[in-house]
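Here's the structure we're looking at; comments come further down.
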Amino acid sequence: MSRAVLITGAARGIGRACALKFAKEGWDVIACYARAQHAAQSLEQEIRQMGMQCRCLQVDVTDRAAVHRLVLLAQAEFGALDAVVCNAGIAQQKLFADITEDDWDHMFDVNVKGMYHVIHEALPQMLDRQAGSIVTISSVWGQTGGSCEVHYSASKAAVIGMTKALAKELGLSGIRVNCVAPGVIDTDMNRMHGEDVMHALAEDTPLGRNGTPEEVADAVYWLASDQARFVTGQVIGVNGGFYI
Ligand code: NDP
């Protein structure tokens, strides 16, 4: 029987690469997106062509009722969830002095509270089975702090704290919780930077380039899989050595 993973923010970027990686490894995928409907439809098609099941629904992770419906649908269609990947996230570049209260709240609503909603809804079935693996996505800026991204950095640091605390709380229940902290990855999220900035970031990276979504997905999959069965509470940097 195939296994099932729930991935948030899976229509584009790192989430999409994760969905394709899990499907390639023989997992069914239940996923969500916020706005990218066409990309979501093409993801479903691509995964079905790979012979696995996929549903990618429009669910805003800040909407608890919608997250609840997503998890119920996952259970009804795919049975128990073996893994959850909390990937959905937003970024914003602003001087700290210009960050409004709304900016701050929205950043934390999506990047932190959204993760709380998803894990809180998916957890009961994992606790019932005393099994499961959760992978959160933080950022190198959550580890080091990023100038002009104070609210983003703070939200991604919160993800790391959440991951470590949950790993301690859930270990004896057979549930592992780990985090991937990507460095600079070539996705739409970084389109706000010009090419010169992306080039400079690549030059600051010991491996001499920015990363790909697929390289992040490989680490996410490894952490979710049984290959990492004795790994919990860890933050794996996929950053080309940008932060060591
Ligand atoms: P993208 O902007 O390409 O993708 C973000 C994804 O999150 C999209 O699928 C988007 O949905 C989804 N999303 C955003 N808000 C919501 C919401 N409220 N509800 C549901 N889904 C939502 O970014 P990346 O792929 O680069 O980022 C993925 C994760 O990786 C994020 O958590 C990000 O912070 C993190 N990260 C990225 C890095 C990078 O350099 N790219 C570096 C470090 C961390 P939709 O497609 O519908 O808009």
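A note on labels: chains of the structure tokens are A, B, ... as shown, every chain counts residues from 1, and ligands are counted from 1 in their shown order.
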Could you produce a table of the residues of range 94-181 of chain A lying within 12 Å of range 21-38 of chain A, with the nearest pair of atoms per residue and their separation in Å rounded to one decimal, using only C-alpha atoms, ordered by chain and increasing residue number, as CSV?
residue,atom,partner,partner_atom,distance
A:Val110,CA,A:Ala34,CA,10.7
A:Gly114,CA,A:Ala34,CA,12.0
A:Val118,CA,A:Cys32,CA,11.0
May I have the residues within 8 Å of ligand 1, computed using only C-alpha atoms and all ligand atoms, as an MDAnalysis selection string? chainID A and resid 8:16 32:37 39:40 58:62 86:91 109:111 114 137:141 152 156 181:190 211 213
When you look at range 174-176 of chain A with a cut-off of 10 Å (counting only C-alpha atoms), what residues show up, excluding the ones that are within fewer than 6 positions of it in the same chain? I need them as a list in words.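 Returned residues: Asp82, Ala83, Leu123, Met126, Leu127, Arg129, Gln130, Ala131, Gly132, Ser133, Ile134, Val135, Thr163, Leu166, Ala167, Lys168, Leu223, Ala224, Ala228, Arg229, Phe230, Val231, Thr232, Gly233 and Gln234 of chain A.
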Take the residues that were just selected and, keeping N, CA, C and O atoms, output them as a JSON list (two decimals), in the first residue's frame.
[["chain", "number", "residue", "atom", "x", "y", "z"],
["A", 82, "ASP", "N", 1.02, 9.63, 6.53],
["A", 82, "ASP", "CA", 2.31, 9.16, 7.06],
["A", 82, "ASP", "C", 3.27, 10.31, 7.30],
["A", 82, "ASP", "O", 4.17, 10.20, 8.12],
["A", 83, "ALA", "N", 3.09, 11.39, 6.55],
["A", 83, "ALA", "CA", 3.99, 12.53, 6.72],
["A", 83, "ALA", "C", 3.27, 13.83, 6.40],
["A", 83, "ALA", "O", 2.31, 13.85, 5.63],
["A", 123, "LEU", "N", -2.26, 15.99, 13.58],
["A", 123, "LEU", "CA", -1.64, 15.21, 14.66],
["A", 123, "LEU", "C", -2.51, 14.09, 15.26],
["A", 123, "LEU", "O", -1.98, 13.00, 15.52],
["A", 126, "MET", "N", -2.00, 10.82, 13.71],
["A", 126, "MET", "CA", -0.64, 10.30, 13.93],
["A", 126, "MET", "C", -0.52, 9.75, 15.36],
["A", 126, "MET", "O", 0.09, 8.70, 15.58],
["A", 127, "LEU", "N", -1.13, 10.46, 16.31],
["A", 127, "LEU", "CA", -1.09, 9.98, 17.69],
["A", 127, "LEU", "C", -1.84, 8.66, 17.83],
["A", 127, "LEU", "O", -1.40, 7.76, 18.52],
["A", 129, "ARG", "N", -2.06, 6.37, 15.65],
["A", 129, "ARG", "CA", -1.25, 5.28, 15.08],
["A", 129, "ARG", "C", 0.13, 5.20, 15.71],
["A", 129, "ARG", "O", 0.90, 4.31, 15.41],
["A", 130, "GLN", "N", 0.44, 6.21, 16.56],
["A", 130, "GLN", "CA", 1.78, 6.27, 17.17],
["A", 130, "GLN", "C", 2.85, 6.19, 16.09],
["A", 130, "GLN", "O", 3.85, 5.46, 16.22],
["A", 131, "ALA", "N", 2.64, 6.94, 15.02],
["A", 131, "ALA", "CA", 3.60, 6.95, 13.92],
["A", 131, "ALA", "C", 3.39, 8.20, 13.07],
["A", 131, "ALA", "O", 2.27, 8.71, 12.98],
["A", 132, "GLY", "N", 4.45, 8.64, 12.46],
["A", 132, "GLY", "CA", 4.33, 9.77, 11.54],
["A", 132, "GLY", "C", 5.58, 10.62, 11.55],
["A", 132, "GLY", "O", 6.42, 10.51, 12.45],
["A", 133, "SER", "N", 5.70, 11.42, 10.52],
["A", 133, "SER", "CA", 6.88, 12.27, 10.41],
["A", 133, "SER", "C", 6.43, 13.65, 9.93],
["A", 133, "SER", "O", 5.66, 13.76, 8.98],
["A", 134, "ILE", "N", 6.92, 14.66, 10.60],
["A", 134, "ILE", "CA", 6.57, 16.04, 10.24],
["A", 134, "ILE", "C", 7.86, 16.76, 9.84],
["A", 134, "ILE", "O", 8.87, 16.66, 10.55],
["A", 135, "VAL", "N", 7.81, 17.46, 8.71],
["A", 135, "VAL", "CA", 8.97, 18.25, 8.30],
["A", 135, "VAL", "C", 8.50, 19.70, 8.14],
["A", 135, "VAL", "O", 7.54, 19.97, 7.41],
["A", 163, "THR", "N", 9.67, 23.29, 16.00],
["A", 163, "THR", "CA", 10.13, 21.96, 15.57],
["A", 163, "THR", "C", 10.81, 21.23, 16.72],
["A", 163, "THR", "O", 10.52, 20.06, 17.00],
["A", 166, "LEU", "N", 8.32, 20.38, 19.61],
["A", 166, "LEU", "CA", 7.41, 19.29, 19.21],
["A", 166, "LEU", "C", 8.14, 17.96, 19.17],
["A", 166, "LEU", "O", 7.59, 16.92, 19.54],
["A", 167, "ALA", "N", 9.39, 17.98, 18.69],
["A", 167, "ALA", "CA", 10.16, 16.73, 18.62],
["A", 167, "ALA", "C", 10.29, 16.13, 20.01],
["A", 167, "ALA", "O", 10.17, 14.91, 20.19],
["A", 168, "LYS", "N", 10.52, 16.98, 21.00],
["A", 168, "LYS", "CA", 10.65, 16.47, 22.38],
["A", 168, "LYS", "C", 9.32, 15.92, 22.88],
["A", 168, "LYS", "O", 9.26, 14.90, 23.53],
["A", 223, "LEU", "N", 14.26, 13.24, 5.36],
["A", 223, "LEU", "CA", 13.83, 13.39, 6.75],
["A", 223, "LEU", "C", 12.48, 12.71, 7.00],
["A", 223, "LEU", "O", 12.24, 12.16, 8.08],
["A", 224, "ALA", "N", 11.59, 12.79, 6.02],
["A", 224, "ALA", "CA", 10.26, 12.18, 6.20],
["A", 224, "ALA", "C", 10.32, 10.66, 6.11],
["A", 224, "ALA", "O", 9.48, 9.97, 6.69],
["A", 228, "ALA", "N", 15.54, 8.16, 7.83],
["A", 228, "ALA", "CA", 15.90, 9.08, 8.93],
["A", 228, "ALA", "C", 15.19, 8.67, 10.23],
["A", 228, "ALA", "O", 14.86, 9.51, 11.06],
["A", 229, "ARG", "N", 14.99, 7.34, 10.41],
["A", 229, "ARG", "CA", 14.14, 6.89, 11.52],
["A", 229, "ARG", "C", 14.68, 7.22, 12.91],
["A", 229, "ARG", "O", 13.95, 7.19, 13.89],
["A", 230, "PHE", "N", 16.00, 7.52, 13.01],
["A", 230, "PHE", "CA", 16.54, 7.88, 14.33],
["A", 230, "PHE", "C", 16.89, 9.38, 14.38],
["A", 230, "PHE", "O", 17.70, 9.81, 15.18],
["A", 231, "VAL", "N", 16.26, 10.14, 13.50],
["A", 231, "VAL", "CA", 16.55, 11.58, 13.42],
["A", 231, "VAL", "C", 15.29, 12.35, 13.82],
["A", 231, "VAL", "O", 14.25, 12.20, 13.20],
["A", 232, "THR", "N", 15.40, 13.14, 14.86],
["A", 232, "THR", "CA", 14.28, 14.03, 15.22],
["A", 232, "THR", "C", 14.80, 15.29, 15.90],
["A", 232, "THR", "O", 15.88, 15.29, 16.49],
["A", 233, "GLY", "N", 14.05, 16.37, 15.74],
["A", 233, "GLY", "CA", 14.42, 17.64, 16.36],
["A", 233, "GLY", "C", 15.58, 18.35, 15.69],
["A", 233, "GLY", "O", 16.14, 19.30, 16.25],
["A", 234, "GLN", "N", 15.92, 17.92, 14.46],
["A", 234, "GLN", "CA", 17.10, 18.48, 13.80],
["A", 234, "GLN", "C", 16.74, 19.57, 12.78],
["A", 234, "GLN", "O", 15.65, 19.57, 12.21]]
From a DSSP pass on the backbone, collect the residues of range 6-242 of chain A flagged as strand (DSSP E) and hand them back as a PyMOL selection string. chain A and resi 6-7+27-33+54-58+83-86+132-137+175-182+235-238
Using only C-alpha atoms, which of A:Val197, A:Met107, A:Val85, A:Val220 sits nearest Ser155 in chain A? A:Met107
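Shortest atom-to-atom contact with Phe96 in chain A among A:Val150, A:Cys18, A:Cys179, A:Leu81: A:Val150, counting only C-alpha atoms.
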Work out how far CA of Arg69 in chain A is from CA of Arg55 in chain A, in Å to one decimal.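 Atom-to-atom, CA of Arg55 in chain A and CA of Arg69 in chain A are spaced 12.9 Å apart.
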Which of these, A:Ile99, A:Val216, A:Leu6, A:Ala202, has the shortest distance to Cys54 in chain A once you count only C-alpha atoms?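 Among the listed residues, the smallest separation from Cys54 in chain A belongs to A:Leu6.
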